[in-house]
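Chemist: My structure file final25.pdb, PDB, C-alpha atoms, is below:
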```pdb
ATOM      1  CA  MET A   1      87.376  47.273 166.090
ATOM      2  CA  LYS A   2      90.596  47.836 168.006
ATOM      3  CA  ALA A   3      92.742  50.593 166.512
ATOM      4  CA  LYS A   4      96.224  49.617 165.351
ATOM      5  CA  SER A   5      99.110  50.891 167.443
ATOM      6  CA  PRO A   6     101.702  53.073 165.663
ATOM      7  CA  ALA A   7     104.154  50.152 165.709
ATOM      8  CA  GLU A   8     101.601  47.795 164.144
ATOM      9  CA  ALA A   9     100.768  50.362 161.475
ATOM     10  CA  ILE A  10     104.450  50.777 160.597
ATOM     11  CA  ASP A  11     104.951  46.999 160.469
ATOM     12  CA  ARG A  12     102.014  46.543 158.100
ATOM     13  CA  GLN A  13     103.140  49.417 155.908
ATOM     14  CA  GLY A  14     106.609  47.908 155.736
ATOM     15  CA  TRP A  15     105.186  44.488 154.891
ATOM     16  CA  ALA A  16     102.955  45.970 152.172
ATOM     17  CA  ALA A  17     105.881  47.885 150.647
ATOM     18  CA  SER A  18     108.075  44.777 150.560
ATOM     19  CA  VAL A  19     105.309  42.661 149.003
ATOM     20  CA  ALA A  20     104.592  45.345 146.425
ATOM     21  CA  GLU A  21     108.268  45.546 145.480
ATOM     22  CA  ALA A  22     108.485  41.754 145.129
ATOM     23  CA  VAL A  23     105.368  41.656 142.937
ATOM     24  CA  ARG A  24     106.725  44.452 140.729
ATOM     25  CA  ARG A  25     109.943  42.465 140.296
ATOM     26  CA  GLY A  26     107.811  39.648 138.928
ATOM     27  CA  GLU A  27     108.321  37.228 141.821
ATOM     28  CA  VAL A  28     105.633  34.563 141.485
ATOM     29  CA  GLY A  29     105.479  33.436 145.117
ATOM     30  CA  PRO A  30     104.597  36.794 146.720
ATOM     31  CA  ALA A  31     102.151  37.566 143.902
ATOM     32  CA  ALA A  32     100.389  34.207 144.278
ATOM     33  CA  ARG A  33     100.144  34.583 148.061
ATOM     34  CA  LEU A  34      98.751  38.096 147.778
ATOM     35  CA  MET A  35      96.132  36.929 145.267
ATOM     36  CA  ARG A  36      95.155  34.081 147.582
ATOM     37  CA  ASP A  37      94.852  36.392 150.578
ATOM     38  CA  LEU A  38      92.804  38.909 148.609
ATOM     39  CA  ASP A  39      90.471  36.134 147.468
ATOM     40  CA  ASP A  40      90.165  34.910 151.070
ATOM     41  CA  GLU A  41      89.503  38.506 152.195
ATOM     42  CA  ILE A  42      92.408  38.525 154.648
ATOM     43  CA  PRO A  43      92.402  42.098 156.061
ATOM     44  CA  GLY A  44      96.182  42.549 155.825
ATOM     45  CA  ALA A  45      96.120  41.809 152.088
ATOM     46  CA  ARG A  46      94.390  45.115 151.495
ATOM     47  CA  ASP A  47      97.595  46.919 152.478
ATOM     48  CA  GLY A  48      99.458  45.090 149.716
ATOM     49  CA  ARG A  49      96.738  45.962 147.239
ATOM     50  CA  ARG A  50      96.924  49.638 148.219
ATOM     51  CA  ALA A  51     100.700  49.672 147.790
ATOM     52  CA  LEU A  52     100.394  48.175 144.282
ATOM     53  CA  PHE A  53      97.545  50.332 142.991
ATOM     54  CA  PRO A  54      99.736  53.225 141.712
ATOM     55  CA  TYR A  55     101.475  50.731 139.384
ATOM     56  CA  THR A  56      98.296  49.455 137.722
ATOM     57  CA  GLY A  57      96.539  50.599 134.557
ATOM     58  CA  ARG A  58      99.135  49.406 132.042
ATOM     59  CA  ALA A  59      97.805  46.008 130.949
ATOM     60  CA  HIS A  60      95.121  45.453 128.344
ATOM     61  CA  VAL A  61      92.302  43.475 129.977
ATOM     62  CA  ILE A  62      90.239  41.140 127.787
ATOM     63  CA  GLY A  63      87.012  39.549 129.018
ATOM     64  CA  ILE A  64      85.886  36.230 127.550
ATOM     65  CA  THR A  65      82.256  35.333 128.210
ATOM     66  CA  GLY A  66      79.523  33.143 126.816
ATOM     67  CA  ALA A  67      77.228  30.268 127.602
ATOM     68  CA  PRO A  68      78.506  26.924 128.967
ATOM     69  CA  GLY A  69      79.905  24.755 126.203
ATOM     70  CA  ALA A  70      80.758  27.681 123.937
ATOM     71  CA  GLY A  71      84.501  26.931 124.075
ATOM     72  CA  LYS A  72      85.679  29.770 126.323
ATOM     73  CA  SER A  73      88.581  27.831 127.852
ATOM     74  CA  THR A  74      89.797  26.548 124.487
ATOM     75  CA  LEU A  75      89.620  30.032 122.993
ATOM     76  CA  THR A  76      91.451  31.494 126.002
ATOM     77  CA  ASP A  77      94.172  28.851 125.657
ATOM     78  CA  GLN A  78      94.625  29.774 121.988
ATOM     79  CA  LEU A  79      94.754  33.493 122.786
ATOM     80  CA  VAL A  80      97.451  32.904 125.402
ATOM     81  CA  ALA A  81      99.524  30.994 122.852
ATOM     82  CA  ALA A  82      99.044  33.719 120.227
ATOM     83  CA  TYR A  83     100.093  36.521 122.587
ATOM     84  CA  ARG A  84     103.126  34.527 123.711
ATOM     85  CA  GLU A  85     104.173  34.181 120.073
ATOM     86  CA  ARG A  86     104.127  37.978 119.964
ATOM     87  CA  GLY A  87     106.395  38.057 123.006
ATOM     88  CA  LYS A  88     103.692  39.412 125.321
ATOM     89  CA  THR A  89     103.393  38.277 128.931
ATOM     90  CA  VAL A  90      99.919  37.060 129.863
ATOM     91  CA  GLY A  91      97.864  36.700 133.020
ATOM     92  CA  VAL A  92      94.704  34.587 133.072
ATOM     93  CA  VAL A  93      91.975  34.925 135.678
ATOM     94  CA  ALA A  94      89.780  31.846 135.241
ATOM     95  CA  ILE A  95      86.493  32.005 137.128
ATOM     96  CA  ASP A  96      85.386  28.491 138.004
ATOM     97  CA  PRO A  97      82.290  27.161 139.779
ATOM     98  CA  SER A  98      82.565  26.859 143.545
ATOM     99  CA  SER A  99      82.983  23.484 145.166
ATOM    100  CA  PRO A 100      79.750  22.626 147.009
ATOM    101  CA  PHE A 101      81.876  21.265 149.877
ATOM    102  CA  GLY A 102      84.949  23.462 150.376
ATOM    103  CA  GLY A 103      83.791  26.555 148.512
ATOM    104  CA  GLY A 104      86.992  26.691 146.446
ATOM    105  CA  ALA A 105      87.363  26.714 142.681
ATOM    106  CA  ILE A 106      86.861  23.530 140.677
ATOM    107  CA  LEU A 107      90.031  23.912 138.613
ATOM    108  CA  GLY A 108      88.738  22.893 135.207
ATOM    109  CA  ASP A 109      90.183  25.882 133.367
ATOM    110  CA  ARG A 110      93.671  25.498 134.822
ATOM    111  CA  ILE A 111      93.692  21.814 133.789
ATOM    112  CA  ARG A 112      92.828  22.781 130.222
ATOM    113  CA  MET A 113      95.796  25.209 130.086
ATOM    114  CA  GLN A 114      98.475  22.755 131.159
ATOM    115  CA  ARG A 115     100.660  23.482 128.131
ATOM    116  CA  HIS A 116     101.386  26.936 129.582
ATOM    117  CA  SER A 117     102.139  25.706 133.107
ATOM    118  CA  THR A 118     105.928  25.838 132.674
ATOM    119  CA  ASP A 119     105.964  29.140 130.790
ATOM    120  CA  PRO A 120     107.293  31.911 133.087
ATOM    121  CA  GLY A 121     105.553  34.471 130.897
ATOM    122  CA  VAL A 122     102.099  33.087 131.765
ATOM    123  CA  PHE A 123     100.336  33.189 135.137
ATOM    124  CA  VAL A 124      96.993  31.403 135.540
ATOM    125  CA  ARG A 125      94.902  31.996 138.629
ATOM    126  CA  SER A 126      91.594  30.193 139.220
ATOM    127  CA  LEU A 127      88.963  31.873 141.378
ATOM    128  CA  ALA A 128      85.727  30.458 142.754
ATOM    129  CA  THR A 129      82.511  32.408 142.290
ATOM    130  CA  ARG A 130      81.602  31.745 145.966
ATOM    131  CA  GLY A 131      78.008  32.604 145.207
ATOM    132  CA  HIS A 132      78.821  35.908 143.513
ATOM    133  CA  LEU A 133      76.518  36.547 140.555
ATOM    134  CA  GLY A 134      77.478  38.119 137.247
ATOM    135  CA  GLY A 135      80.019  35.504 136.133
ATOM    136  CA  LEU A 136      82.952  36.778 138.242
ATOM    137  CA  SER A 137      84.355  36.447 141.748
ATOM    138  CA  ARG A 138      84.317  39.397 144.167
ATOM    139  CA  SER A 139      88.122  39.425 144.134
ATOM    140  CA  THR A 140      88.499  39.470 140.323
ATOM    141  CA  GLY A 141      89.387  43.167 140.121
ATOM    142  CA  ASP A 142      91.973  42.835 142.896
ATOM    143  CA  VAL A 143      93.648  39.828 141.242
ATOM    144  CA  VAL A 144      93.731  41.693 137.926
ATOM    145  CA  ASP A 145      95.461  44.599 139.704
ATOM    146  CA  VAL A 146      98.161  42.286 141.092
ATOM    147  CA  MET A 147      98.839  40.812 137.642
ATOM    148  CA  ASP A 148      98.849  44.300 136.135
ATOM    149  CA  ALA A 149     101.355  45.605 138.695
ATOM    150  CA  ALA A 150     103.461  42.473 138.131
ATOM    151  CA  GLY A 151     103.981  43.603 134.550
ATOM    152  CA  LYS A 152     101.629  41.373 132.540
ATOM    153  CA  ASP A 153     101.020  42.932 129.132
ATOM    154  CA  VAL A 154      97.665  41.226 128.602
ATOM    155  CA  ILE A 155      95.238  39.911 131.210
ATOM    156  CA  ILE A 156      92.426  37.593 130.113
ATOM    157  CA  ILE A 157      89.371  37.103 132.332
ATOM    158  CA  GLU A 158      87.381  33.982 131.527
ATOM    159  CA  THR A 159      83.950  34.093 133.158
ATOM    160  CA  VAL A 160      82.309  31.095 134.742
ATOM    161  CA  GLY A 161      79.761  30.518 131.996
ATOM    162  CA  VAL A 162      76.330  31.154 133.474
ATOM    163  CA  GLY A 163      74.785  32.641 130.367
ATOM    164  CA  GLN A 164      72.865  35.909 130.030
ATOM    165  CA  ASP A 165      73.723  37.331 133.473
ATOM    166  CA  GLU A 166      77.468  37.601 132.862
ATOM    167  CA  LEU A 167      77.574  41.376 132.651
ATOM    168  CA  ASP A 168      80.105  42.214 135.377
ATOM    169  CA  VAL A 169      83.047  41.516 133.076
ATOM    170  CA  MET A 170      82.392  44.709 131.097
ATOM    171  CA  ARG A 171      83.095  46.730 134.256
ATOM    172  CA  ILE A 172      86.659  45.402 134.429
ATOM    173  CA  ALA A 173      87.653  44.503 130.866
ATOM    174  CA  HIS A 174      88.736  46.971 128.198
ATOM    175  CA  THR A 175      87.654  44.580 125.429
ATOM    176  CA  THR A 176      84.804  42.099 125.951
ATOM    177  CA  VAL A 177      84.594  39.062 123.683
ATOM    178  CA  VAL A 178      81.233  37.253 123.650
ATOM    179  CA  ILE A 179      81.294  33.704 122.291
ATOM    180  CA  GLN A 180      78.312  32.083 120.621
ATOM    181  CA  VAL A 181      78.051  28.651 119.021
ATOM    182  CA  PRO A 182      75.441  27.170 116.683
ATOM    183  CA  GLY A 183      73.314  24.246 117.720
ATOM    184  CA  LEU A 184      72.707  25.042 121.393
ATOM    185  CA  GLY A 185      68.979  25.458 120.913
ATOM    186  CA  ASP A 186      67.452  28.922 120.608
ATOM    187  CA  ASP A 187      70.547  30.808 119.449
ATOM    188  CA  ILE A 188      68.914  34.229 119.379
ATOM    189  CA  GLN A 189      67.512  33.881 122.905
ATOM    190  CA  ALA A 190      71.091  33.269 124.077
ATOM    191  CA  ILE A 191      72.219  36.729 122.960
ATOM    192  CA  LYS A 192      69.398  38.779 124.439
ATOM    193  CA  ALA A 193      69.047  40.337 127.887
ATOM    194  CA  GLY A 194      72.198  42.385 127.964
ATOM    195  CA  ILE A 195      74.802  40.215 126.238
ATOM    196  CA  LEU A 196      74.281  42.191 123.026
ATOM    197  CA  GLU A 197      75.055  45.363 124.964
ATOM    198  CA  ILE A 198      78.431  44.352 126.389
ATOM    199  CA  ALA A 199      80.150  42.766 123.374
ATOM    200  CA  ASN A 200      83.014  44.570 121.663
ATOM    201  CA  VAL A 201      83.749  41.485 119.575
ATOM    202  CA  PHE A 202      81.402  38.595 118.821
ATOM    203  CA  VAL A 203      82.920  35.176 118.167
ATOM    204  CA  VAL A 204      80.919  32.448 116.464
ATOM    205  CA  ASN A 205      82.955  29.461 117.624
ATOM    206  CA  LYS A 206      82.802  25.875 116.332
ATOM    207  CA  ALA A 207      82.260  27.414 112.928
ATOM    208  CA  ASP A 208      82.562  23.989 111.295
ATOM    209  CA  LEU A 209      79.115  23.063 112.662
ATOM    210  CA  ASP A 210      75.920  23.454 110.676
ATOM    211  CA  GLY A 211      74.189  26.733 111.353
ATOM    212  CA  ALA A 212      77.328  28.832 111.889
ATOM    213  CA  ASP A 213      76.688  31.063 108.868
ATOM    214  CA  THR A 214      73.045  31.447 109.866
ATOM    215  CA  LEU A 215      74.080  32.534 113.351
ATOM    216  CA  VAL A 216      76.483  35.099 111.869
ATOM    217  CA  HIS A 217      73.692  36.540 109.725
ATOM    218  CA  GLN A 218      71.283  36.642 112.684
ATOM    219  CA  LEU A 219      73.841  38.448 114.823
ATOM    220  CA  SER A 220      74.587  40.917 112.055
ATOM    221  CA  ALA A 221      70.906  41.651 111.537
ATOM    222  CA  MET A 222      70.322  42.223 115.237
ATOM    223  CA  LEU A 223      73.319  44.547 115.506
ATOM    224  CA  HIS A 224      72.197  46.622 112.539
ATOM    225  CA  ALA A 225      68.643  46.818 113.885
ATOM    226  CA  ARG A 226      69.670  48.619 117.047
ATOM    227  CA  ALA A 227      71.584  51.828 117.572
ATOM    228  CA  PRO A 228      75.110  51.335 118.959
ATOM    229  CA  ARG A 229      75.862  52.601 122.451
ATOM    230  CA  GLU A 230      77.075  56.179 122.554
ATOM    231  CA  GLY A 231      80.759  56.442 121.714
ATOM    232  CA  MET A 232      81.037  52.775 120.684
ATOM    233  CA  SER A 233      81.384  51.173 117.281
ATOM    234  CA  PRO A 234      79.253  48.147 116.378
ATOM    235  CA  PRO A 235      81.056  44.952 117.439
ATOM    236  CA  GLU A 236      82.831  42.876 114.839
ATOM    237  CA  ILE A 237      81.736  39.277 114.239
ATOM    238  CA  ILE A 238      84.523  36.696 113.848
ATOM    239  CA  LYS A 239      84.168  33.004 112.995
ATOM    240  CA  THR A 240      86.556  30.607 114.744
ATOM    241  CA  ASP A 241      87.170  26.944 115.363
ATOM    242  CA  ALA A 242      89.249  27.296 118.525
ATOM    243  CA  SER A 243      89.931  23.579 118.923
ATOM    244  CA  ARG A 244      91.898  23.694 115.641
ATOM    245  CA  GLY A 245      93.198  27.247 115.988
ATOM    246  CA  ASN A 246      91.228  28.458 112.980
ATOM    247  CA  GLY A 247      90.261  32.127 112.890
ATOM    248  CA  MET A 248      92.569  33.152 115.725
ATOM    249  CA  GLY A 249      94.481  35.591 113.516
ATOM    250  CA  GLN A 250      91.243  37.377 112.625
ATOM    251  CA  LEU A 251      90.180  37.445 116.274
ATOM    252  CA  MET A 252      93.517  38.892 117.390
ATOM    253  CA  ALA A 253      93.249  41.564 114.703
ATOM    254  CA  ALA A 254      89.726  42.487 115.847
ATOM    255  CA  ILE A 255      90.898  42.774 119.472
ATOM    256  CA  ASP A 256      93.834  44.924 118.324
ATOM    257  CA  ARG A 257      91.519  47.240 116.400
ATOM    258  CA  HIS A 258      89.244  47.663 119.399
ATOM    259  CA  ARG A 259      92.227  48.275 121.677
ATOM    260  CA  GLU A 260      93.575  51.003 119.409
ATOM    261  CA  LYS A 261      90.168  52.618 119.174
ATOM    262  CA  VAL A 262      89.523  52.773 122.917
ATOM    263  CA  ARG A 263      93.079  53.941 123.570
ATOM    264  CA  GLY A 264      92.502  56.800 121.163
ATOM    265  CA  ASP A 265      88.940  57.755 122.102
ATOM    266  CA  ASP A 266      89.173  59.759 125.314
ATOM    267  CA  TRP A 267      90.996  56.990 127.189
ATOM    268  CA  ALA A 268      91.239  58.982 130.418
ATOM    269  CA  THR A 269      87.457  59.442 130.598
ATOM    270  CA  ARG A 270      86.833  55.723 130.027
ATOM    271  CA  GLU A 271      89.348  54.752 132.703
ATOM    272  CA  ASN A 272      87.865  57.213 135.161
ATOM    273  CA  ARG A 273      84.431  55.671 134.633
ATOM    274  CA  ARG A 274      85.818  52.176 135.216
ATOM    275  CA  LEU A 275      87.510  53.290 138.422
ATOM    276  CA  GLU A 276      84.361  55.078 139.566
ATOM    277  CA  ARG A 277      82.341  51.877 139.098
ATOM    278  CA  ARG A 278      84.876  49.915 141.147
ATOM    279  CA  PHE A 279      84.880  52.588 143.839
ATOM    280  CA  LEU A 280      81.086  52.555 144.120
ATOM    281  CA  GLU A 281      81.019  48.754 144.302
ATOM    282  CA  HIS A 282      83.581  48.756 147.125
ATOM    283  CA  LEU A 283      81.769  51.613 148.853
ATOM    284  CA  ARG A 284      78.535  49.613 148.779
ATOM    285  CA  ASP A 285      80.277  46.603 150.339
ATOM    286  CA  VAL A 286      82.047  48.658 153.012
ATOM    287  CA  LEU A 287      78.889  50.548 153.973
ATOM    288  CA  TYR A 288      76.939  47.313 154.247
ATOM    289  CA  GLU A 289      79.576  45.507 156.305
ATOM    290  CA  ARG A 290      80.222  48.384 158.719
ATOM    291  CA  GLY A 291      76.613  49.474 158.926
ATOM    292  CA  ARG A 292      75.364  45.968 159.663
ATOM    293  CA  ALA A 293      78.093  45.415 162.267
ATOM    294  CA  ARG A 294      77.114  48.638 164.026
ATOM    295  CA  LEU A 295      73.397  47.969 163.812
ATOM    296  CA  VAL A 296      73.340  44.409 165.182
ATOM    297  CA  ARG A 297      75.193  45.491 168.338
ATOM    298  CA  THR A 298      72.239  47.623 169.459
ATOM    299  CA  SER A 299      68.970  46.767 171.170
ATOM    300  CA  TYR A 300      67.267  48.687 168.361
ATOM    301  CA  TYR A 301      68.081  45.811 165.988
ATOM    302  CA  ASP A 302      66.226  43.314 168.195
ATOM    303  CA  LYS A 303      63.262  45.669 168.431
ATOM    304  CA  LEU A 304      63.245  46.051 164.662
ATOM    305  CA  MET A 305      63.275  42.273 164.139
ATOM    306  CA  SER A 306      60.376  41.896 166.582
ATOM    307  CA  ALA A 307      58.422  44.583 164.754
ATOM    308  CA  LEU A 308      59.028  42.796 161.457
ATOM    309  CA  ALA A 309      57.956  39.456 162.891
ATOM    310  CA  SER A 310      54.683  40.943 164.170
ATOM    311  CA  ARG A 311      54.098  42.733 160.847
ATOM    312  CA  ALA A 312      54.084  46.073 162.672
ATOM    313  CA  VAL A 313      56.543  47.416 160.104
ATOM    314  CA  ASP A 314      57.384  46.345 156.563
ATOM    315  CA  PRO A 315      60.960  45.491 155.467
ATOM    316  CA  TYR A 316      61.279  48.589 153.268
ATOM    317  CA  THR A 317      60.340  51.048 156.000
ATOM    318  CA  ALA A 318      62.524  49.166 158.487
ATOM    319  CA  ALA A 319      65.505  49.349 156.121
ATOM    320  CA  ASP A 320      65.016  53.099 155.582
ATOM    321  CA  GLU A 321      64.850  53.748 159.315
ATOM    322  CA  ALA A 322      67.850  51.539 160.051
ATOM    323  CA  ALA A 323      69.891  53.289 157.363
ATOM    324  CA  SER A 324      69.037  56.651 158.917
ATOM    325  CA  LYS A 325      70.267  55.412 162.279
ATOM    326  CA  VAL A 326      73.505  53.980 160.907
ATOM    327  CA  LEU A 327      74.259  57.086 158.850
ATOM    328  CA  GLY A 328      73.570  59.354 161.804
ATOM    329  CA  GLU A 329      70.683  61.158 160.124
ATOM    330  CA  ASP A 330      68.781  61.065 163.431
ATOM    331  CA  ARG A 331      71.543  61.137 166.029
ATOM    332  CA  GLU A 332      69.351  61.817 169.049
ATOM    333  CA  ARG A 333      67.080  58.851 168.414
ATOM    334  CA  TRP A 334      70.145  56.684 167.675
ATOM    335  CA  LYS A 335      71.653  57.508 171.071
ATOM    336  CA  THR A 336      68.507  56.376 172.896
ATOM    337  CA  CYS A 337      68.562  53.030 171.069
ATOM    338  CA  LYS A 338      72.064  51.994 172.132
TER     339      LYS A 338
END
```
When written as structure tokens, how does the structure in this file appear?
Modeler:
Amino acid sequence: MKAKSPAEAIDRQGWAASVAEAVRRGEVGPAARLMRDLDDEIPGARDGRRALFPYTGRAHVIGITGAPGAGKSTLTDQLVAAYRERGKTVGVVAIDPSSPFGGGAILGDRIRMQRHSTDPGVFVRSLATRGHLGGLSRSTGDVVDVMDAAGKDVIIIETVGVGQDELDVMRIAHTTVVIQVPGLGDDIQAIKAGILEIANVFVVNKADLDGADTLVHQLSAMLHARAPREGMSPPEIIKTDASRGNGMGQLMAAIDRHREKVRGDDWATRENRRLERRFLEHLRDVLYERGRARLVRTSYYDKLMSALASRAVDPYTAADEAASKVLGEDRERWKTCK
């Protein structure tokens, strides 16, 4: 990679500072463009993200997750309206499925939140999963940072709705709301495999349907049967009918109680852990991208692929040896392979 000249570095720093200032003033255009560029992984956008990072950490981030058909978008829409009634500004990061053709987001969530489209206190950004597992997009944390620096009081992340694997949201959100509904088949199977671990608040939505009370009792029994995670209170269970707005007051109160608890219980330690997780995720990506780029430029890579094809070496041993080369753990042998 060609190093930037001093003039180019100054220009990019100046651009990043001006974008950061515009975002902090609440200008929608620069914020939207920066989010788009971060999602598209435009290299220059990282400078804007770096300039904004010192101004993050103020918003309360709420994750909304659950199986498809649970009513996540409707519940999110109702939460936005409730926070606006309180006078709070709101950002929404709606994770949508990727288009099989263009790779962009299928904007179902934004369509369902049309009533907030003219509200200057609400910003909705749809992101495509682009094959990323865990219910989020790779750029979710960056987009949340931009909204945070722009002054949003509350940021709601609505996951894509893939079911039990949606665990990434807990790494970004302060409060995670897991939605369940009766009548989707094996209700208890839907809350196993990790979902029980990440919930700070459980919502039994569509509570007017048969089986809602049974689902509440099953959830309560499961929560009491297992020890809570260290330093965490058992999650509350709230019944709602989001399509009619029923139960939203109780849900808001439960979110408020959790927010006050986490803000009071060694907040700095919790935030440091969240930032450490983000750092390690980015470090993994950077090491992979740079290490792979360095490795494939050498004749050693071709030799390694030939050895794999002939079954002379297994993939695990090959990966260990390649990592040693990239990390410089065997510099002399690395030099002879260039």
Chemist: Neighbours of Val19 of chain A within 9 Å (all atoms listed in the file; same-chain residues fewer than 5 positions away dropped), as an MDAnalysis selection string?
Modeler: chainID A and resid 14 24 30:31 34 48 51:52
Chemist: What does the structure give for the distance between atom CA of Gly328 of chain A and atom CA of Arg311 of chain A, in Å to one decimal?
Modeler: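 Straight-line distance from atom CA of Gly328 of chain A to atom CA of Arg311 of chain A works out to 25.6 Å.
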Chemist: Give me the residues within 9 Å of Tyr55 of chain A as a tab-separated table (two decimals) with C-alpha atoms, in the coordinates of the input, counting all atoms listed in the file and dropping any in the same chain fewer than 4 places off.
Modeler:
```tsv
chain	number	residue	atom	x	y	z
A	24	ARG	CA	106.72	44.45	140.73
A	51	ALA	CA	100.70	49.67	147.79
A	145	ASP	CA	95.46	44.60	139.70
A	148	ASP	CA	98.85	44.30	136.14
A	149	ALA	CA	101.36	45.60	138.70
A	150	ALA	CA	103.46	42.47	138.13
A	151	GLY	CA	103.98	43.60	134.55
```
Chemist: So what do you get for atom CA of Ile198 of chain A versus atom CA of Asp142 of chain A, distance-wise?
Modeler: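 About the pair atom CA of Ile198 of chain A and atom CA of Asp142 of chain A: they are 21.4 Å apart.
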Chemist: Considering only C-alpha atoms, state which residue in the set A:Ala81, A:Leu219, A:Ile64, A:Ala293 is at the smallest distance from Met248 of chain A.
Modeler: A:Ala81
Chemist: Wanna dump the segment 23-63 of chain A-segment 259-272 of chain A contacts at 10 Å for me, each residue with its shortest atom pair and the distance in Å to one decimal, counting all atoms listed in the file, ordered by chain and number, as a Markdown table?
Modeler:
```
| residue | atom | partner | partner_atom | distance |
| --- | --- | --- | --- | --- |
| A:Gly57 | CA | A:Glu271 | CA | 8.5 |
| A:His60 | CA | A:Arg259 | CA | 7.8 |
| A:Val61 | CA | A:Arg259 | CA | 9.6 |
| A:Ile62 | CA | A:Arg259 | CA | 9.6 |
```
Chemist: Within 12 Å of Pro182 of chain A, counting only C-alpha atoms, which residues show up once you throw out same-chain ones fewer than 6 positions away? Write them as JSON, numbers by chain, please.
Modeler: {"A": [67, 69, 70, 71, 188, 190, 191, 203, 204, 205, 206, 207, 208, 209, 210, 211, 212, 213, 214, 215, 216, 217, 218, 219, 239, 240, 241]}
Chemist: Quick one: distance from atom CA of His282 of chain A to atom CA of Ser299 of chain A in Å, one decimal?
Modeler: 28.2 Å
Chemist: Hey, what's within 8 Å of Ser139 of chain A if we count all atoms listed in the file and toss same-chain stuff fewer than 4 positions away? As a list in words, please?
Modeler: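 The filter keeps Leu38, Asp39 and Val143 of chain A.
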Chemist: Identify, on the basis of all atoms listed in the file, every residue whose closest approach to Pro234 of chain A does not exceed 12 Å; exclude the query and any residue fewer than 4 positions from it along the same chain; express the result as a list in words.
Modeler: Leu196, Glu197, Ile198, Ala199, Asn200, Val201, Phe202, Leu219, Ser220, Ala221, Met222, Leu223, His224, Ala225, Arg226, Ala227, Pro228, Arg229, Glu230, Ala254 and His258 of chain A
Chemist: Name the closest residue to Asn246 of chain A among the candidates A:Glu281, A:Ala323, A:Arg25, A:Gln78; distances are taken between atoms, counting only C-alpha atoms.
Modeler: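 Smallest distance to Asn246 of chain A is found for A:Gln78.
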Chemist: Check the smallest atom-to-atom distance from each of A:Val80, A:Met252, A:Ala45, A:Val28 to Trp15 of chain A using all atoms listed in the file, then report the winner.
Modeler: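 Looking at the shortest contact to Trp15 of chain A, the residue is A:Ala45.
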Chemist: Starting from the PyMOL selection byres ((chain A and resi 84-93) around 6), expand the selection into actual residues of this file and give them as a list in words.
Modeler: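 When the PyMOL selection byres ((chain A and resi 84-93) around 6) is applied to the shown file, the picked residues are Ala81, Ala82, Tyr83, Ala94, Gly121, Val122, Phe123, Val124, Arg125, Ser126, Lys152, Asp153, Val154, Ile155, Ile156 and Ile157 of chain A.
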Chemist: Write the residues of the selection above to a file with C-alpha atoms, as an mmCIF file, keeping the file's coordinate frame.
Modeler:
```
data_model
loop_
_atom_site.group_PDB
_atom_site.id
_atom_site.type_symbol
_atom_site.label_atom_id
_atom_site.label_comp_id
_atom_site.auth_asym_id
_atom_site.auth_seq_id
_atom_site.Cartn_x
_atom_site.Cartn_y
_atom_site.Cartn_z
ATOM 1 C CA ALA A 81 99.524 30.994 122.852
ATOM 2 C CA ALA A 82 99.044 33.719 120.227
ATOM 3 C CA TYR A 83 100.093 36.521 122.587
ATOM 4 C CA ALA A 94 89.780 31.846 135.241
ATOM 5 C CA GLY A 121 105.553 34.471 130.897
ATOM 6 C CA VAL A 122 102.099 33.087 131.765
ATOM 7 C CA PHE A 123 100.336 33.189 135.137
ATOM 8 C CA VAL A 124 96.993 31.403 135.540
ATOM 9 C CA ARG A 125 94.902 31.996 138.629
ATOM 10 C CA SER A 126 91.594 30.193 139.220
ATOM 11 C CA LYS A 152 101.629 41.373 132.540
ATOM 12 C CA ASP A 153 101.020 42.932 129.132
ATOM 13 C CA VAL A 154 97.665 41.226 128.602
ATOM 14 C CA ILE A 155 95.238 39.911 131.210
ATOM 15 C CA ILE A 156 92.426 37.593 130.113
ATOM 16 C CA ILE A 157 89.371 37.103 132.332
#
```
